[in-house]
Amino acid sequence: MARRGVRALGVLLLVAVLAMSTPLLLPGSPALAVLGLEASDADIAAFNERYNLGADPFTRLWNWVTALLHGDLGTSIVTGSAVTDQLAERLPVTLELVVVSLALALVIAVPVALRAAWRPGSVLDRVSQSLAFVLLSMPGFVLGMLLIYVFAVSLKALPATGWVPFAEDPVEHLAHLVLPVVTMALAEAAVYLRALRADADDVLGSTYIHAAQARGMRPSRLLLARALRPASLPLVTLVGLNLGMALGGTLVVETMYAIPGMGRYVATAIGQRDYPVIESTTIILAAAMVVATLLVDLSYRLIDPRIAHDARH
């Protein structure tokens with residue numbers, strides 16, 4: 001585990017250096033967008049000096065880490081606002097989308113996959129596999145537009161876009177949360193369903209499953225108590241990786257539904273070449289991915305202690 005932690009820190013360091021290299025890798029300067037096309041060379045040079053855009057990546061990374069120790073993630077070049085304040089406002093929105101959609105995806109995928117594996121070839125099995133294939137083949141923005149057309153335009157049951165904080169109006173908050181969460185959850189559920197269905201099918205063919213069935217164990221208890229745990233390793237991997245990537249992968253959903261989250265914030269920063277925002281968010285997202293990967297490794301050992309034993313030997 002310690003070696004994995006060291007490798008993870010090495011990966012995070014590499015990502016951080018690459019993130020700090022973006023001002024050198026991309027042509028042009030954001031100074032023109034901020035100062036205007038009539039800005040002189042001296043003004044552009046002063047602008048780059050002010051935001052430390054001309055320094056080498058290691059110096060910029062050192063300065064960033066030093067500022068981070070004081071709770072400072074930099075200042076937006078375009079808006080002049082502190083990146084820390086913007087992330088404190090937007091990150092909870094994205095986390096809510098990610099966590100709620102993940103919970104909904106698991107609530108859909110786990111029972112359907114287990115029941116489909118228990119009765120292979122049944123109507124539930126065929127329908128669920130077909131729907132999962134359709135959802136996997138459909139781009140997220142197409143699914144989102146379809147849901148908006150049905151529930152917001154045709155039925156007028158839910159708002160199409162926008163965001164209302166929970167503290168301001170809990171009912172409106174939940175109403176604005178439904179469509180983006182369902183858009184994300186359906187795509188995730190399709191992946192989880194197919195992965196768990198395939199592994200549950202193998203586990204249900206095991207000798208100890210047949211022995212438990214012969215002793216009269218009820219199918220629901222058999223699936224949850226005996227089959228789910230050994231079949232869930234690939235599912236845990238997918239959940240962990242998706243959880244790490246989803247923080248940056250909400251860009252399409254947040255843009256489509258006009259949600260003031262982290263994904264939309266990053267997309268705007270990239271379009272404006274707002275390097276302090278791009279660098280800080282890239283490192284944070286990479287750290288989230290590294291933590292998610294380490295948590296997946298740890299969960300393997302909790303689900304199957306034999307993995308920890310094999311790793312020591």
# chains A, B, ... in the order shown; residues from 1 in each chain; ligands from 1
$ closest_atom_pairs --of "segment 207-252 of chain A" --to "segment 115-135 of chain A" --cutoff "9 Å" --atoms "only C-alpha atoms" --output "JSON lines"
{"residue": "A:Pro219", "atom": "CA", "partner": "A:Trp118", "partner_atom": "CA", "distance": 8.2}
{"residue": "A:Ser220", "atom": "CA", "partner": "A:Arg115", "partner_atom": "CA", "distance": 8.7}
{"residue": "A:Leu223", "atom": "CA", "partner": "A:Trp118", "partner_atom": "CA", "distance": 8.1}
$ select_by_dssp --residues "segment 204-309 of chain A" --states "helix (DSSP H, G or I)" --output "PyMOL selection string"
chain A and resi 204+207-214+219-231+233-249+251-256+262-272+275-303+305-309
$ residues_around --residues "segment 235-243 of chain A" --least-positions-apart "5" --cutoff "12 Å" --atoms "only C-alpha atoms" --output "mmCIF file with N, CA and C atoms, in the first residue's frame"
data_model
loop_
_atom_site.group_PDB
_atom_site.id
_atom_site.type_symbol
_atom_site.label_atom_id
_atom_site.label_comp_id
_atom_site.auth_asym_id
_atom_site.auth_seq_id
_atom_site.Cartn_x
_atom_site.Cartn_y
_atom_site.Cartn_z
ATOM 1 N N THR A 94 -21.164 20.503 -7.535
ATOM 2 C CA THR A 94 -20.723 19.345 -8.319
ATOM 3 C C THR A 94 -20.700 18.078 -7.476
ATOM 4 N N LEU A 95 -20.256 18.174 -6.234
ATOM 5 C CA LEU A 95 -20.235 17.004 -5.357
ATOM 6 C C LEU A 95 -21.645 16.460 -5.138
ATOM 7 N N GLU A 96 -22.611 17.344 -4.991
ATOM 8 C CA GLU A 96 -23.993 16.888 -4.821
ATOM 9 C C GLU A 96 -24.472 16.148 -6.060
ATOM 10 N N LEU A 97 -24.189 16.693 -7.227
ATOM 11 C CA LEU A 97 -24.577 16.015 -8.470
ATOM 12 C C LEU A 97 -23.939 14.634 -8.557
ATOM 13 N N VAL A 98 -22.649 14.567 -8.260
ATOM 14 C CA VAL A 98 -21.903 13.319 -8.404
ATOM 15 C C VAL A 98 -22.392 12.267 -7.408
ATOM 16 N N VAL A 99 -22.542 12.648 -6.151
ATOM 17 C CA VAL A 99 -22.915 11.685 -5.109
ATOM 18 C C VAL A 99 -24.348 11.186 -5.297
ATOM 19 N N VAL A 100 -25.272 12.109 -5.582
ATOM 20 C CA VAL A 100 -26.672 11.703 -5.743
ATOM 21 C C VAL A 100 -26.842 10.837 -6.988
ATOM 22 N N SER A 101 -26.194 11.214 -8.082
ATOM 23 C CA SER A 101 -26.296 10.404 -9.303
ATOM 24 C C SER A 101 -25.652 9.034 -9.115
ATOM 25 N N LEU A 102 -24.549 8.969 -8.379
ATOM 26 C CA LEU A 102 -23.915 7.683 -8.102
ATOM 27 C C LEU A 102 -24.832 6.793 -7.269
ATOM 28 N N ALA A 103 -25.456 7.362 -6.238
ATOM 29 C CA ALA A 103 -26.367 6.580 -5.404
ATOM 30 C C ALA A 103 -27.550 6.064 -6.218
ATOM 31 N N ALA A 105 -27.636 5.562 -9.472
ATOM 32 C CA ALA A 105 -27.154 4.558 -10.425
ATOM 33 C C ALA A 105 -26.991 3.195 -9.761
ATOM 34 N N LEU A 106 -26.467 3.172 -8.536
ATOM 35 C CA LEU A 106 -26.292 1.901 -7.830
ATOM 36 C C LEU A 106 -27.633 1.304 -7.420
ATOM 37 N N ALA A 109 -28.811 -0.209 -10.710
ATOM 38 C CA ALA A 109 -27.993 -1.244 -11.345
ATOM 39 C C ALA A 109 -27.870 -2.518 -10.512
ATOM 40 N N VAL A 110 -27.649 -2.381 -9.203
ATOM 41 C CA VAL A 110 -27.337 -3.566 -8.388
ATOM 42 C C VAL A 110 -28.502 -4.556 -8.340
ATOM 43 N N ALA A 113 -29.151 -6.039 -11.920
ATOM 44 C CA ALA A 113 -28.091 -6.940 -12.378
ATOM 45 C C ALA A 113 -28.147 -8.285 -11.659
ATOM 46 N N MET A 184 -27.065 11.853 -15.547
ATOM 47 C CA MET A 184 -25.799 11.234 -15.166
ATOM 48 C C MET A 184 -26.001 9.808 -14.676
ATOM 49 N N ALA A 185 -27.066 9.583 -13.893
ATOM 50 C CA ALA A 185 -27.263 8.279 -13.270
ATOM 51 C C ALA A 185 -27.570 7.188 -14.282
ATOM 52 N N ALA A 187 -26.599 6.904 -17.417
ATOM 53 C CA ALA A 187 -25.374 6.489 -18.116
ATOM 54 C C ALA A 187 -24.481 5.647 -17.207
ATOM 55 N N GLU A 188 -24.355 6.042 -15.943
ATOM 56 C CA GLU A 188 -23.534 5.278 -15.003
ATOM 57 C C GLU A 188 -24.166 3.917 -14.710
ATOM 58 N N ALA A 189 -25.482 3.891 -14.543
ATOM 59 C CA ALA A 189 -26.163 2.635 -14.228
ATOM 60 C C ALA A 189 -25.971 1.606 -15.334
ATOM 61 N N ALA A 190 -25.938 2.046 -16.576
ATOM 62 C CA ALA A 190 -25.737 1.112 -17.689
ATOM 63 C C ALA A 190 -24.378 0.423 -17.587
ATOM 64 N N VAL A 191 -23.346 1.187 -17.232
ATOM 65 C CA VAL A 191 -22.004 0.603 -17.087
ATOM 66 C C VAL A 191 -21.979 -0.366 -15.911
ATOM 67 N N TYR A 192 -22.505 0.065 -14.767
ATOM 68 C CA TYR A 192 -22.483 -0.786 -13.579
ATOM 69 C C TYR A 192 -23.296 -2.059 -13.789
ATOM 70 N N LEU A 193 -24.428 -1.933 -14.452
ATOM 71 C CA LEU A 193 -25.297 -3.089 -14.661
ATOM 72 C C LEU A 193 -24.597 -4.161 -15.492
ATOM 73 N N ARG A 194 -23.981 -3.762 -16.572
ATOM 74 C CA ARG A 194 -23.328 -4.745 -17.440
ATOM 75 C C ARG A 194 -22.146 -5.404 -16.731
ATOM 76 N N ALA A 195 -21.373 -4.610 -15.983
ATOM 77 C CA ALA A 195 -20.218 -5.167 -15.287
ATOM 78 C C ALA A 195 -20.647 -6.143 -14.197
ATOM 79 N N LEU A 196 -21.612 -5.737 -13.368
ATOM 80 C CA LEU A 196 -22.048 -6.600 -12.275
ATOM 81 C C LEU A 196 -22.801 -7.817 -12.791
ATOM 82 N N ARG A 197 -23.564 -7.659 -13.856
ATOM 83 C CA ARG A 197 -24.305 -8.790 -14.436
ATOM 84 C C ARG A 197 -23.350 -9.876 -14.896
ATOM 85 N N ALA A 198 -22.274 -9.500 -15.555
ATOM 86 C CA ALA A 198 -21.321 -10.491 -16.066
ATOM 87 C C ALA A 198 -20.621 -11.232 -14.929
ATOM 88 N N ASP A 199 -20.189 -10.512 -13.894
ATOM 89 C CA ASP A 199 -19.470 -11.171 -12.798
ATOM 90 C C ASP A 199 -20.417 -11.948 -11.896
ATOM 91 N N ALA A 200 -21.628 -11.452 -11.705
ATOM 92 C CA ALA A 200 -22.595 -12.200 -10.899
ATOM 93 C C ALA A 200 -22.948 -13.521 -11.559
ATOM 94 N N LEU A 228 -23.201 -11.070 -3.984
ATOM 95 C CA LEU A 228 -22.859 -9.667 -4.258
ATOM 96 C C LEU A 228 -21.415 -9.349 -3.925
ATOM 97 N N ARG A 229 -20.939 -9.801 -2.790
ATOM 98 C CA ARG A 229 -19.588 -9.424 -2.358
ATOM 99 C C ARG A 229 -18.502 -9.910 -3.308
ATOM 100 N N PRO A 230 -18.440 -11.189 -3.655
ATOM 101 C CA PRO A 230 -17.387 -11.615 -4.587
ATOM 102 C C PRO A 230 -17.561 -11.072 -5.999
ATOM 103 N N GLY A 248 -14.628 16.209 -12.764
ATOM 104 C CA GLY A 248 -14.319 16.981 -13.965
ATOM 105 C C GLY A 248 -15.179 16.603 -15.145
ATOM 106 N N GLY A 249 -15.926 15.497 -15.012
ATOM 107 C CA GLY A 249 -16.731 15.027 -16.129
ATOM 108 C C GLY A 249 -18.151 15.554 -16.144
ATOM 109 N N THR A 250 -18.460 16.455 -15.232
ATOM 110 C CA THR A 250 -19.804 17.033 -15.196
ATOM 111 C C THR A 250 -19.937 18.219 -16.143
ATOM 112 N N LEU A 285 -8.442 18.004 -9.356
ATOM 113 C CA LEU A 285 -9.097 16.853 -9.976
ATOM 114 C C LEU A 285 -8.158 15.651 -10.033
ATOM 115 N N ALA A 286 -6.873 15.903 -10.294
ATOM 116 C CA ALA A 286 -5.904 14.807 -10.288
ATOM 117 C C ALA A 286 -5.772 14.208 -8.890
ATOM 118 N N ALA A 288 -8.110 14.170 -6.630
ATOM 119 C CA ALA A 288 -9.334 13.398 -6.404
ATOM 120 C C ALA A 288 -9.238 12.032 -7.071
ATOM 121 N N MET A 289 -8.667 11.984 -8.265
ATOM 122 C CA MET A 289 -8.518 10.717 -8.975
ATOM 123 C C MET A 289 -7.545 9.795 -8.241
ATOM 124 N N VAL A 290 -6.464 10.359 -7.734
ATOM 125 C CA VAL A 290 -5.478 9.565 -6.996
ATOM 126 C C VAL A 290 -6.097 9.009 -5.717
ATOM 127 N N VAL A 291 -6.822 9.852 -4.981
ATOM 128 C CA VAL A 291 -7.474 9.395 -3.750
ATOM 129 C C VAL A 291 -8.499 8.303 -4.057
ATOM 130 N N ALA A 292 -9.263 8.480 -5.132
ATOM 131 C CA ALA A 292 -10.253 7.468 -5.509
ATOM 132 C C ALA A 292 -9.579 6.139 -5.831
ATOM 133 N N THR A 293 -8.446 6.180 -6.509
ATOM 134 C CA THR A 293 -7.721 4.951 -6.841
ATOM 135 C C THR A 293 -7.205 4.253 -5.588
ATOM 136 N N LEU A 294 -6.681 5.028 -4.650
ATOM 137 C CA LEU A 294 -6.196 4.433 -3.398
ATOM 138 C C LEU A 294 -7.354 3.844 -2.586
ATOM 139 N N LEU A 295 -8.497 4.509 -2.602
ATOM 140 C CA LEU A 295 -9.662 3.981 -1.892
ATOM 141 C C LEU A 295 -10.155 2.674 -2.522
ATOM 142 N N VAL A 296 -10.054 2.589 -3.846
ATOM 143 C CA VAL A 296 -10.424 1.342 -4.526
ATOM 144 C C VAL A 296 -9.510 0.215 -4.079
ATOM 145 N N ASP A 297 -8.190 0.476 -4.014
ATOM 146 C CA ASP A 297 -7.246 -0.545 -3.550
ATOM 147 C C ASP A 297 -7.555 -0.981 -2.124
ATOM 148 N N LEU A 298 -7.883 -0.011 -1.277
ATOM 149 C CA LEU A 298 -8.207 -0.336 0.110
ATOM 150 C C LEU A 298 -9.491 -1.145 0.196
ATOM 151 N N SER A 299 -10.473 -0.792 -0.607
ATOM 152 C CA SER A 299 -11.744 -1.519 -0.574
ATOM 153 C C SER A 299 -11.577 -2.958 -1.049
ATOM 154 N N TYR A 300 -10.634 -3.197 -1.977
ATOM 155 C CA TYR A 300 -10.358 -4.576 -2.393
ATOM 156 C C TYR A 300 -10.002 -5.441 -1.185
ATOM 157 N N ARG A 301 -9.170 -4.896 -0.316
ATOM 158 C CA ARG A 301 -8.715 -5.658 0.840
ATOM 159 C C ARG A 301 -9.841 -5.882 1.849
ATOM 160 N N LEU A 302 -10.783 -4.959 1.898
ATOM 161 C CA LEU A 302 -11.920 -5.134 2.802
ATOM 162 C C LEU A 302 -12.917 -6.148 2.246
ATOM 163 N N ILE A 303 -13.109 -6.125 0.920
ATOM 164 C CA ILE A 303 -14.056 -7.050 0.299
ATOM 165 C C ILE A 303 -13.506 -8.469 0.277
ATOM 166 N N ASP A 304 -12.235 -8.600 -0.071
ATOM 167 C CA ASP A 304 -11.606 -9.920 -0.176
ATOM 168 C C ASP A 304 -10.254 -9.874 0.523
#
$ atom_distance --atom1 "atom CA of Ser76 of chain A" --atom2 "atom CA of Leu12 of chain A"
22.7 Å
$ residues_around --residues "Ala19 of chain A" --least-positions-apart "4" --cutoff "10 Å" --atoms "only C-alpha atoms" --output "list in words"
Leu13, Leu14, Val15, Pro23, Leu25, Pro57, Arg60, Leu61, Tyr275, Pro276, Ile278, Glu279, Ser280, Thr281, Thr282 and Ile283 of chain A
$ closest_residue --among "A:Gln86, A:Gln213, A:Ser40, A:Thr183" --to "Tyr265 of chain A" --atoms "only C-alpha atoms"
A:Gln86
$ residues_around --residues "Gln272 of chain A" --least-positions-apart "6" --cutoff "10 Å" --atoms "only C-alpha atoms" --output "JSON, numbers by chain"
{"A": [30, 33, 34, 77, 78, 266, 278]}
$ write_last_selection --atoms "N, CA and C atoms" --output "short mmCIF file (atom, residue, chain, number, x, y, z; two decimals), in the first residue's frame"
data_model
loop_
_atom_site.label_atom_id
_atom_site.label_comp_id
_atom_site.auth_asym_id
_atom_site.auth_seq_id
_atom_site.Cartn_x
_atom_site.Cartn_y
_atom_site.Cartn_z
N PRO A 30 -3.10 35.34 -22.39
CA PRO A 30 -4.43 35.84 -22.02
C PRO A 30 -4.44 37.35 -21.77
N ALA A 33 -6.79 39.29 -23.98
CA ALA A 33 -8.21 39.17 -23.64
C ALA A 33 -8.59 40.05 -22.47
N VAL A 34 -7.62 40.30 -21.58
CA VAL A 34 -7.89 41.10 -20.39
C VAL A 34 -7.61 42.58 -20.64
N ILE A 77 -7.37 35.39 -13.58
CA ILE A 77 -6.86 36.45 -14.45
C ILE A 77 -8.01 37.27 -15.03
N VAL A 78 -9.10 36.63 -15.35
CA VAL A 78 -10.20 37.28 -16.05
C VAL A 78 -11.10 38.07 -15.10
N VAL A 266 -14.59 25.19 -15.00
CA VAL A 266 -13.37 24.80 -15.72
C VAL A 266 -13.52 25.04 -17.21
N ILE A 278 -7.30 27.06 -14.36
CA ILE A 278 -7.02 25.79 -15.02
C ILE A 278 -6.03 24.96 -14.21
#
$ atom_distance --atom1 "atom CA of Gly5 of chain A" --atom2 "atom CA of Met245 of chain A"
18.8 Å
$ atom_distance --atom1 "atom CA of Pro234 of chain A" --atom2 "atom CA of Val203 of chain A"
12.6 Å
$ closest_residue --among "A:Ile148, A:Leu114, A:Leu233, A:Ile270" --to "Arg221 of chain A" --atoms "only C-alpha atoms"
A:Leu114
